[in-house]
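Visitor: Quick one: the structure is below, and I'll ask about it shortly.
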Amino acid sequence: MSKTSREKQQSFAKSESQLSCPSVIDGMPRSVEELLREIKLYQFQLEIQSEEIRQARLELEASRDRYADFYDFSPVGYITLDGDAVIKEINRTGTMQLGMQRDMLLHQRFSQFIAPEDRERWHGYFQSVLKHDNQQACELLLRRTDGICFFAQLHCLRLQNHGGDLAVRAVLTDITERKQAEINLRIASVAFETQESLMITDSMGVILRVNKAFTETTGYTAREVIGKTPLLLQSGCHDVEFYNEMWESIRNTGTWHGEIWGRRKNGELFPKWLTISAVKGISGIVTHYVGSYIDITELINAKIAAEKSSRAKSEFLSSMSHELRTPLNAILGYAQLMEQDIPSLPPDQARRIKEITRGGWYLLDLINEILDLALIESGKVSLSPEYIPLHELLLECKMMMEPQATQRGIQQNFCLPARSLLVYADRTRVKQVLINLLSNAIKYNSEQGTVEVTCHVNSLNRVRVSIQDSGEGLPSEKLEQLFQSFNRLGREAGAIEGTGIGLVVAKKLVEQMGCDIGVESTPGSGSVFWFDLIVADNQPHDFVA
């Protein structure tokens with residue numbers, strides 16, 4: 001009872017006692033006295049009841065507001081549909097799920113929020129709900145008014161109001177995250193059946209799961225390794241420092257990958273390419289490790305076989321080059337002796353002798369290039385680096401190439417560096433690279449074209465020598481083939497002689513000197529071949545050609 005009700009009752013009791021006092025009712029009939037007392041009593045009772053009703057109404061309204069909040073802000077959507085699936089009521093969560101305000105949602109057909117591919121299933125489900133008294137569930141793809149789709153689970157129950165009209169109460173739950181997790185799980189399941197061996201451990205390194213490829217490569221069954229640690233797979237070929245560096249990388253970057261030796265169940269050792277990734281939970285703490293690897297035994301065997309074949313090829317080329325050079329030197333020697341008698345020989349014989357000499361020198365150049373390539377690939381080429389004045393070296397090469405350039409009408413323009421600029425390199429090999437690039441720039445240039453040679457020193461203590469021609473240029477797809485052995489880019493049948501080896505040798509020589517070589521070309525605008533050389537220590541970097 002409220003405080004106000006108690007006060008009224010106390011007041012009523014006081015008034016009742018006053019009514020019973022003789023001084024108040026003297027001179028009145030007894031019946032009037034009783035009637036007055038009863039009226040007073042009823043009046044106070046009505047006031048008490050009125051107050052109690054008011055208090056009950058306030059409590060009811062407060063309770064209604066509380067339950068309205070629970071209804072509106074529930075984590076699921078509550079929707080009331082009529083027998084035609086028209087929305088009659090919906091809570092706040094439902095409006096947020098469907099992306100529309102409540103007053104706009106009311107009297108809308110719920111089917112308009114079903115994705116087209118699921119509408120037929122929705123109609124069948126709704127008819128089933130109308131026919132049965134039990135609650136039924138269904139998963140559908142819904143589409144909000146802004147076009148965003150989400151997966152939802154519906155629990156619907158048929159009701160009937162006092163007028164006999166059907167209604168359906170629907171509970172709408174957004175299950176997009178669960179569906180995505182299921183999809184990810186299916187993807188992971190498929191990925192787990194890959195040919196790559198997989199192993200999952202907990203944060204302490206205890207094996208939780210392995211795939212079929214793992215059991216095939218190691219010889220262990222899943223039951224034999226689950227609950228164990230990867231220690232049983234260690235080969236003993238790596239020291240403690242190796243594993244310390246591995247785990248340091250995992251701690252710092254979350255992953256490690258590299259070549260490592262493993263041990264099969266039968267004790268056999270095998271090489272593998274292993275990747276270990278740390279998996280972190282929501283708190284950011286590592287919860288699992290995933291290890292994946294491939295057995296690279298065949299790859300290593302193939303690499304060994306290829307290296308063996310390459311060495312055999314290099315040895316063969318080296319041997320054959322020496323064997324061919326001996327008789328060729330004799331042929332060239334006799335041809336040069338015969339050239340001395342050309343003035344006294346008939347023109348036809350003199351022409352043939354010149355062809356023999358030209359062909360002999362071409363073949364000797366080819367043999368020398370093959371020998372260089374064989375020596376480089378076998379690792380037997382030796383370099384003798386020294387301090388070289390680049391200005392002087394470029395002038396020597398220009399003089400050597402002048403006859404060839406004059407014969408084709410090519411203008412050589414050398415923008416030389418300062419005389420004091422020294423590079424640290426093998427003089428003979430640098431000249432060999434320069435001669436090759438200049439020769440190509442002249443051979444593959446346009447008639448009456450130009451060859452521009454420039455030098456630039458950069459901040460990396462390198463000087464870049466660039467040779468630019470005014471020829472046809474090359475498309476990008478052919479640039480990738482330039483430094484392949486015996487590849488003349490389809491010019492084998494052309495009038496210009498070549499072997500397809502010179503650029504390969506030049507590239508390997510530059511790289512062996514610790515520098516880079518490259519090319520830039522635009523069809524119709526010529527090509528620019530460049531290579532870098534190491535600037536000698538304590539050289540200023542303002543030498544620009």
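In the structure tokens, each chain is lettered A, B, ... as it comes, each chain's residues begin at 1, and ligands are numbered from 1 in order of appearance.
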Neighbours of Gly262 in chain A within 9 Å (only C-alpha atoms; same-chain residues fewer than 6 positions away dropped), as a PyMOL selection string?

Guide: chain A and resi 218+233-237+268-272

Visitor: With DSSP run on the backbone, what are the helix (DSSP H, G or I) residues within range 110-233 of chain A? I'd like them as a short mmCIF file (atom, residue, chain, number, x, y, z; two decimals) with N, CA and C atoms, in the first residue's frame.

Guide:
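Result file follows (result_26.cif):
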data_model
loop_
_atom_site.label_atom_id
_atom_site.label_comp_id
_atom_site.auth_asym_id
_atom_site.auth_seq_id
_atom_site.Cartn_x
_atom_site.Cartn_y
_atom_site.Cartn_z
N PHE A 110 6.63 -8.95 -47.01
CA PHE A 110 7.96 -9.40 -46.57
C PHE A 110 8.76 -10.00 -47.72
N SER A 111 8.07 -10.54 -48.72
CA SER A 111 8.77 -11.21 -49.83
C SER A 111 9.66 -10.26 -50.61
N GLN A 112 9.40 -8.93 -50.54
CA GLN A 112 10.24 -8.01 -51.29
C GLN A 112 11.65 -7.89 -50.69
N PHE A 113 11.81 -8.39 -49.48
CA PHE A 113 13.14 -8.37 -48.85
C PHE A 113 13.87 -9.71 -49.00
N PRO A 116 16.02 -12.75 -54.84
CA PRO A 116 15.25 -13.43 -55.90
C PRO A 116 15.45 -14.94 -55.92
N GLU A 117 16.67 -15.39 -55.69
CA GLU A 117 16.93 -16.83 -55.77
C GLU A 117 16.30 -17.62 -54.64
N ASP A 118 15.85 -16.95 -53.57
CA ASP A 118 15.25 -17.65 -52.43
C ASP A 118 13.75 -17.41 -52.29
N ARG A 119 13.14 -16.66 -53.20
CA ARG A 119 11.72 -16.31 -53.04
C ARG A 119 10.81 -17.52 -53.17
N GLU A 120 11.12 -18.41 -54.09
CA GLU A 120 10.28 -19.59 -54.24
C GLU A 120 10.32 -20.44 -52.98
N ARG A 121 11.50 -20.58 -52.40
CA ARG A 121 11.61 -21.35 -51.16
C ARG A 121 10.85 -20.66 -50.02
N TRP A 122 10.88 -19.32 -49.99
CA TRP A 122 10.15 -18.57 -48.96
C TRP A 122 8.65 -18.81 -49.05
N HIS A 123 8.11 -18.78 -50.26
CA HIS A 123 6.67 -18.98 -50.43
C HIS A 123 6.26 -20.37 -49.95
N GLY A 124 7.05 -21.38 -50.29
CA GLY A 124 6.74 -22.73 -49.84
C GLY A 124 6.81 -22.85 -48.33
N TYR A 125 7.82 -22.19 -47.75
CA TYR A 125 7.98 -22.23 -46.29
C TYR A 125 6.82 -21.52 -45.59
N PHE A 126 6.41 -20.36 -46.10
CA PHE A 126 5.34 -19.60 -45.46
C PHE A 126 4.01 -20.35 -45.52
N GLN A 127 3.73 -21.01 -46.64
CA GLN A 127 2.50 -21.79 -46.74
C GLN A 127 2.50 -22.95 -45.75
N SER A 128 3.68 -23.53 -45.53
CA SER A 128 3.79 -24.62 -44.55
C SER A 128 3.52 -24.10 -43.14
N VAL A 129 4.01 -22.89 -42.83
CA VAL A 129 3.77 -22.29 -41.51
C VAL A 129 2.28 -22.08 -41.28
N LEU A 130 1.58 -21.62 -42.31
CA LEU A 130 0.15 -21.35 -42.18
C LEU A 130 -0.67 -22.62 -41.96
N LYS A 131 -0.14 -23.75 -42.42
CA LYS A 131 -0.90 -25.01 -42.33
C LYS A 131 -0.65 -25.77 -41.03
N THR A 176 24.81 -14.10 -40.89
CA THR A 176 25.83 -13.90 -41.92
C THR A 176 27.20 -14.37 -41.45
N GLU A 177 27.58 -13.98 -40.22
CA GLU A 177 28.90 -14.36 -39.72
C GLU A 177 29.02 -15.88 -39.60
N ARG A 178 27.94 -16.52 -39.13
CA ARG A 178 27.98 -17.98 -39.02
C ARG A 178 28.10 -18.63 -40.39
N LYS A 179 27.35 -18.12 -41.36
CA LYS A 179 27.41 -18.65 -42.72
C LYS A 179 28.80 -18.48 -43.31
N GLN A 180 29.39 -17.29 -43.08
CA GLN A 180 30.73 -17.04 -43.59
C GLN A 180 31.73 -17.98 -42.94
N ALA A 181 31.54 -18.22 -41.65
CA ALA A 181 32.42 -19.16 -40.95
C ALA A 181 32.27 -20.56 -41.53
N GLU A 182 31.03 -20.95 -41.87
CA GLU A 182 30.81 -22.26 -42.48
C GLU A 182 31.48 -22.35 -43.84
N ILE A 183 31.36 -21.25 -44.62
CA ILE A 183 32.01 -21.22 -45.93
C ILE A 183 33.52 -21.32 -45.78
N ASN A 184 34.06 -20.54 -44.83
CA ASN A 184 35.50 -20.59 -44.59
C ASN A 184 35.94 -21.98 -44.15
N LEU A 185 35.09 -22.62 -43.35
CA LEU A 185 35.41 -23.97 -42.89
C LEU A 185 35.43 -24.95 -44.05
N ARG A 186 34.46 -24.80 -44.97
CA ARG A 186 34.45 -25.68 -46.14
C ARG A 186 35.66 -25.44 -47.02
N ILE A 187 36.01 -24.14 -47.18
CA ILE A 187 37.20 -23.82 -47.98
C ILE A 187 38.44 -24.41 -47.33
N ALA A 188 38.53 -24.25 -46.00
CA ALA A 188 39.68 -24.79 -45.27
C ALA A 188 39.73 -26.30 -45.40
N SER A 189 38.55 -26.93 -45.39
CA SER A 189 38.50 -28.39 -45.51
C SER A 189 39.01 -28.83 -46.87
N VAL A 190 38.59 -28.08 -47.92
CA VAL A 190 39.08 -28.40 -49.26
C VAL A 190 40.58 -28.14 -49.35
N ALA A 191 41.00 -26.99 -48.79
CA ALA A 191 42.43 -26.65 -48.82
C ALA A 191 43.25 -27.68 -48.06
N PHE A 192 42.66 -28.26 -47.02
CA PHE A 192 43.38 -29.23 -46.20
C PHE A 192 43.66 -30.50 -46.98
N LYS A 212 46.20 -35.66 -45.31
CA LYS A 212 46.59 -36.92 -45.96
C LYS A 212 47.98 -36.81 -46.57
N ALA A 213 48.27 -35.67 -47.19
CA ALA A 213 49.59 -35.49 -47.82
C ALA A 213 50.70 -35.62 -46.79
N PHE A 214 50.45 -35.15 -45.57
CA PHE A 214 51.45 -35.25 -44.50
C PHE A 214 51.74 -36.72 -44.19
N THR A 215 50.69 -37.51 -44.05
CA THR A 215 50.90 -38.93 -43.72
C THR A 215 51.61 -39.66 -44.84
N GLU A 216 51.35 -39.24 -46.09
CA GLU A 216 52.00 -39.91 -47.23
C GLU A 216 53.48 -39.57 -47.31
N THR A 217 53.85 -38.33 -47.00
CA THR A 217 55.26 -37.94 -47.12
C THR A 217 56.10 -38.39 -45.93
N THR A 218 55.47 -38.51 -44.75
CA THR A 218 56.25 -38.88 -43.55
C THR A 218 56.17 -40.36 -43.22
N ALA A 222 47.89 -40.33 -38.85
CA ALA A 222 47.45 -39.18 -38.06
C ALA A 222 47.43 -39.51 -36.58
N ARG A 223 47.00 -40.73 -36.23
CA ARG A 223 46.91 -41.13 -34.82
C ARG A 223 48.29 -41.17 -34.18
N GLU A 224 49.32 -41.48 -34.96
CA GLU A 224 50.67 -41.60 -34.40
C GLU A 224 51.29 -40.25 -34.07
N VAL A 225 50.85 -39.19 -34.74
CA VAL A 225 51.49 -37.88 -34.51
C VAL A 225 50.63 -36.91 -33.71
N PRO A 230 56.41 -31.65 -33.21
CA PRO A 230 57.18 -31.83 -34.44
C PRO A 230 58.62 -32.30 -34.20
N LEU A 231 59.03 -32.46 -32.95
CA LEU A 231 60.38 -32.94 -32.68
C LEU A 231 60.64 -34.29 -33.32
N LEU A 232 59.60 -35.13 -33.44
CA LEU A 232 59.82 -36.47 -34.01
C LEU A 232 60.12 -36.41 -35.50
N LEU A 233 59.94 -35.21 -36.12
CA LEU A 233 60.23 -35.06 -37.55
C LEU A 233 61.59 -34.44 -37.81
#

Visitor: Write out as a PyMOL selection string the residues lying within 7 Å of range 466-481 of chain A, counting only C-alpha atoms and excluding same-chain residues fewer than 6 positions away.

Guide: chain A and resi 441+444-446+449-455+489+521-531

Visitor: Of the residues A:Pro327, A:Lys265, A:Gly502, A:Glu196, which is the one nearest to Asp365 in chain A, using only C-alpha atoms?

Guide: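 Checking each candidate against Asp365 in chain A, we get A:Gly502 as the closest.
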
Visitor: List the neighbours of Ala536 in chain A out to 12 Å using only C-alpha atoms; skip same-chain residues closer than 5 positions along the sequence, and give me the result as an mmCIF file with N, CA and C atoms, in the first residue's frame.

Guide:
data_model
loop_
_atom_site.group_PDB
_atom_site.id
_atom_site.type_symbol
_atom_site.label_atom_id
_atom_site.label_comp_id
_atom_site.auth_asym_id
_atom_site.auth_seq_id
_atom_site.Cartn_x
_atom_site.Cartn_y
_atom_site.Cartn_z
ATOM 1 N N PRO A 385 90.715 -7.221 -61.497
ATOM 2 C CA PRO A 385 90.279 -5.827 -61.346
ATOM 3 C C PRO A 385 91.448 -4.890 -61.085
ATOM 4 N N GLU A 386 91.329 -3.689 -61.627
ATOM 5 C CA GLU A 386 92.345 -2.656 -61.439
ATOM 6 C C GLU A 386 91.673 -1.298 -61.587
ATOM 7 N N TYR A 387 92.408 -0.235 -61.261
ATOM 8 C CA TYR A 387 91.885 1.117 -61.427
ATOM 9 C C TYR A 387 92.098 1.544 -62.877
ATOM 10 N N ILE A 388 90.986 1.855 -63.562
ATOM 11 C CA ILE A 388 91.038 2.141 -64.998
ATOM 12 C C ILE A 388 90.507 3.544 -65.249
ATOM 13 N N PRO A 389 91.235 4.381 -66.023
ATOM 14 C CA PRO A 389 90.687 5.678 -66.442
ATOM 15 C C PRO A 389 89.609 5.439 -67.503
ATOM 16 N N LEU A 390 88.364 5.691 -67.163
ATOM 17 C CA LEU A 390 87.262 5.377 -68.070
ATOM 18 C C LEU A 390 87.349 6.205 -69.350
ATOM 19 N N SER A 420 89.982 12.245 -64.891
ATOM 20 C CA SER A 420 90.382 11.741 -63.572
ATOM 21 C C SER A 420 89.437 10.667 -63.024
ATOM 22 N N LEU A 421 88.336 10.393 -63.731
ATOM 23 C CA LEU A 421 87.382 9.398 -63.228
ATOM 24 C C LEU A 421 87.937 7.993 -63.426
ATOM 25 N N LEU A 422 88.106 7.283 -62.325
ATOM 26 C CA LEU A 422 88.617 5.911 -62.368
ATOM 27 C C LEU A 422 87.509 4.936 -61.981
ATOM 28 N N VAL A 423 87.514 3.784 -62.651
ATOM 29 C CA VAL A 423 86.598 2.700 -62.277
ATOM 30 C C VAL A 423 87.431 1.505 -61.852
ATOM 31 N N TYR A 424 86.834 0.697 -60.989
ATOM 32 C CA TYR A 424 87.538 -0.488 -60.492
ATOM 33 C C TYR A 424 86.926 -1.706 -61.174
ATOM 34 N N ALA A 425 87.654 -2.249 -62.174
ATOM 35 C CA ALA A 425 87.115 -3.356 -62.959
ATOM 36 C C ALA A 425 88.244 -4.050 -63.705
ATOM 37 N N VAL A 457 77.541 9.411 -63.274
ATOM 38 C CA VAL A 457 77.869 8.858 -61.960
ATOM 39 C C VAL A 457 76.695 9.130 -61.028
ATOM 40 N N LEU A 460 75.117 5.995 -55.839
ATOM 41 C CA LEU A 460 75.432 4.648 -55.341
ATOM 42 C C LEU A 460 76.869 4.251 -55.639
ATOM 43 N N ASN A 461 77.699 5.243 -55.963
ATOM 44 C CA ASN A 461 79.109 4.982 -56.264
ATOM 45 C C ASN A 461 79.256 4.105 -57.504
ATOM 46 N N ARG A 462 78.360 4.329 -58.461
ATOM 47 C CA ARG A 462 78.396 3.608 -59.730
ATOM 48 C C ARG A 462 78.385 4.621 -60.867
ATOM 49 N N VAL A 463 79.059 4.276 -61.982
ATOM 50 C CA VAL A 463 78.977 5.069 -63.190
ATOM 51 C C VAL A 463 78.236 4.234 -64.226
ATOM 52 N N HIS A 541 81.548 12.606 -56.904
ATOM 53 C CA HIS A 541 80.396 12.137 -57.657
ATOM 54 C C HIS A 541 79.805 13.210 -58.558
#

Visitor: If we count only C-alpha atoms, what is near Leu328 in chain A at a cut-off of 12 Å, once residues fewer than 4 positions away on the same chain are taken out, given as a list in words?

Guide: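 With the cut-off at 12 Å, the set is Ser321, His322, Glu323, Leu324, Leu332, Gly333, Tyr334, Ala335, Ile356, Thr357, Gly359, Gly360, Trp361, Tyr362, Leu363, Leu364, Asp365, Leu366, Ile367 and Asn368 of chain A.
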
Visitor: Could you state the separation of CA of Val430 in chain A and CA of Gly514 in chain A in Å, given to one decimal place?

Guide: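 Interatomic distance here is 12.4 Å.
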
Visitor: Could you find all residues in range 305-485 of chain A that DSSP calls strand (DSSP E) from the backbone, and write them as a VMD selection string?

Guide: chain A and resid 385 to 389 411 to 414 422 to 426 450 to 457 462 to 469

Visitor: The selected residues should be written to file as a short mmCIF file (atom, residue, chain, number, x, y, z; two decimals), in the first residue's frame (atoms: C-alpha atoms).

Guide:
data_model
loop_
_atom_site.label_atom_id
_atom_site.label_comp_id
_atom_site.auth_asym_id
_atom_site.auth_seq_id
_atom_site.Cartn_x
_atom_site.Cartn_y
_atom_site.Cartn_z
CA PRO A 385 90.28 -5.83 -61.35
CA GLU A 386 92.34 -2.66 -61.44
CA TYR A 387 91.89 1.12 -61.43
CA ILE A 388 91.04 2.14 -65.00
CA PRO A 389 90.69 5.68 -66.44
CA GLN A 411 78.34 8.64 -86.67
CA GLN A 412 79.83 7.83 -83.22
CA ASN A 413 79.29 10.55 -80.60
CA PHE A 414 81.13 9.94 -77.33
CA LEU A 422 88.62 5.91 -62.37
CA VAL A 423 86.60 2.70 -62.28
CA TYR A 424 87.54 -0.49 -60.49
CA ALA A 425 87.12 -3.36 -62.96
CA ASP A 426 88.83 -5.87 -65.23
CA THR A 450 74.16 7.64 -84.93
CA VAL A 451 75.55 5.97 -81.82
CA GLU A 452 75.51 8.08 -78.65
CA VAL A 453 77.72 7.07 -75.70
CA THR A 454 77.19 8.84 -72.36
CA CYS A 455 78.36 8.36 -68.76
CA HIS A 456 76.65 9.36 -65.52
CA VAL A 457 77.87 8.86 -61.96
CA ARG A 462 78.40 3.61 -59.73
CA VAL A 463 78.98 5.07 -63.19
CA ARG A 464 76.44 4.11 -65.83
CA VAL A 465 77.71 3.80 -69.40
CA SER A 466 74.88 4.06 -71.94
CA ILE A 467 75.06 3.21 -75.66
CA GLN A 468 72.11 4.53 -77.66
CA ASP A 469 71.47 3.72 -81.32
#

Visitor: Nearest residue to Leu383 in chain A out of A:Lys354, A:Leu509, A:Ser277, A:Leu434, using only C-alpha atoms?

Guide: A:Leu509

Visitor: Rank nothing, just name the residue among A:Ser382, A:Ile114, A:Arg158, A:Arg311 nearest to Arg143 in chain A, using only C-alpha atoms.

Guide: A:Ile114

Visitor: Can you pull out every residue within 8 Å of Lys507 in chain A, counting only C-alpha atoms, but drop anything in the same chain fewer than 3 positions away, and send it as a ChimeraX atom specification?

Guide: /A:483,503-504,510-511,516-517

Visitor: Output C-alpha atoms for every residue in the selection just made, as a short mmCIF file (atom, residue, chain, number, x, y, z; two decimals), in the first residue's frame.

Guide:
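Output (again_11.cif):
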data_model
loop_
_atom_site.label_atom_id
_atom_site.label_comp_id
_atom_site.auth_asym_id
_atom_site.auth_seq_id
_atom_site.Cartn_x
_atom_site.Cartn_y
_atom_site.Cartn_z
CA PHE A 483 70.10 -12.16 -72.99
CA LEU A 503 75.08 -10.23 -75.09
CA VAL A 504 74.90 -13.30 -72.86
CA VAL A 510 79.14 -7.39 -65.87
CA GLU A 511 77.30 -9.36 -63.18
CA ASP A 516 74.08 -4.52 -63.53
CA ILE A 517 73.35 -4.44 -67.24
#

Visitor: Using only C-alpha atoms for the distances, tell me which of A:Asp146, A:Gln432, A:Thr201, A:Asn211 is nearest to Gly227 in chain A.

Guide: A:Thr201

Visitor: Between CA of Gly164 in chain A and CA of Tyr71 in chain A, measure the distance and give it in Å to one decimal.

Guide: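 Interatomic distance, CA of Gly164 in chain A to CA of Tyr71 in chain A: 25.2 Å.
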
Visitor: Given only C-alpha atoms as the basis, pick out the residue of A:Ser31, A:Gln43, A:Gln55, A:Thr275 nearest to Ile250 in chain A.

Guide: A:Thr275

Visitor: At a cut-off of 12 Å, using only C-alpha atoms, what residues contact Gly379 in chain A? Leave out same-chain residues fewer than 2 positions from it and give the result as a list in words.

Guide: Glu307, Ser310, Arg311, Ser314, Glu315, Asp372, Leu373, Ala374, Leu375, Ile376, Glu377, Val381, Ser382, Leu383, Lys508, Leu509 and Gln512 of chain A
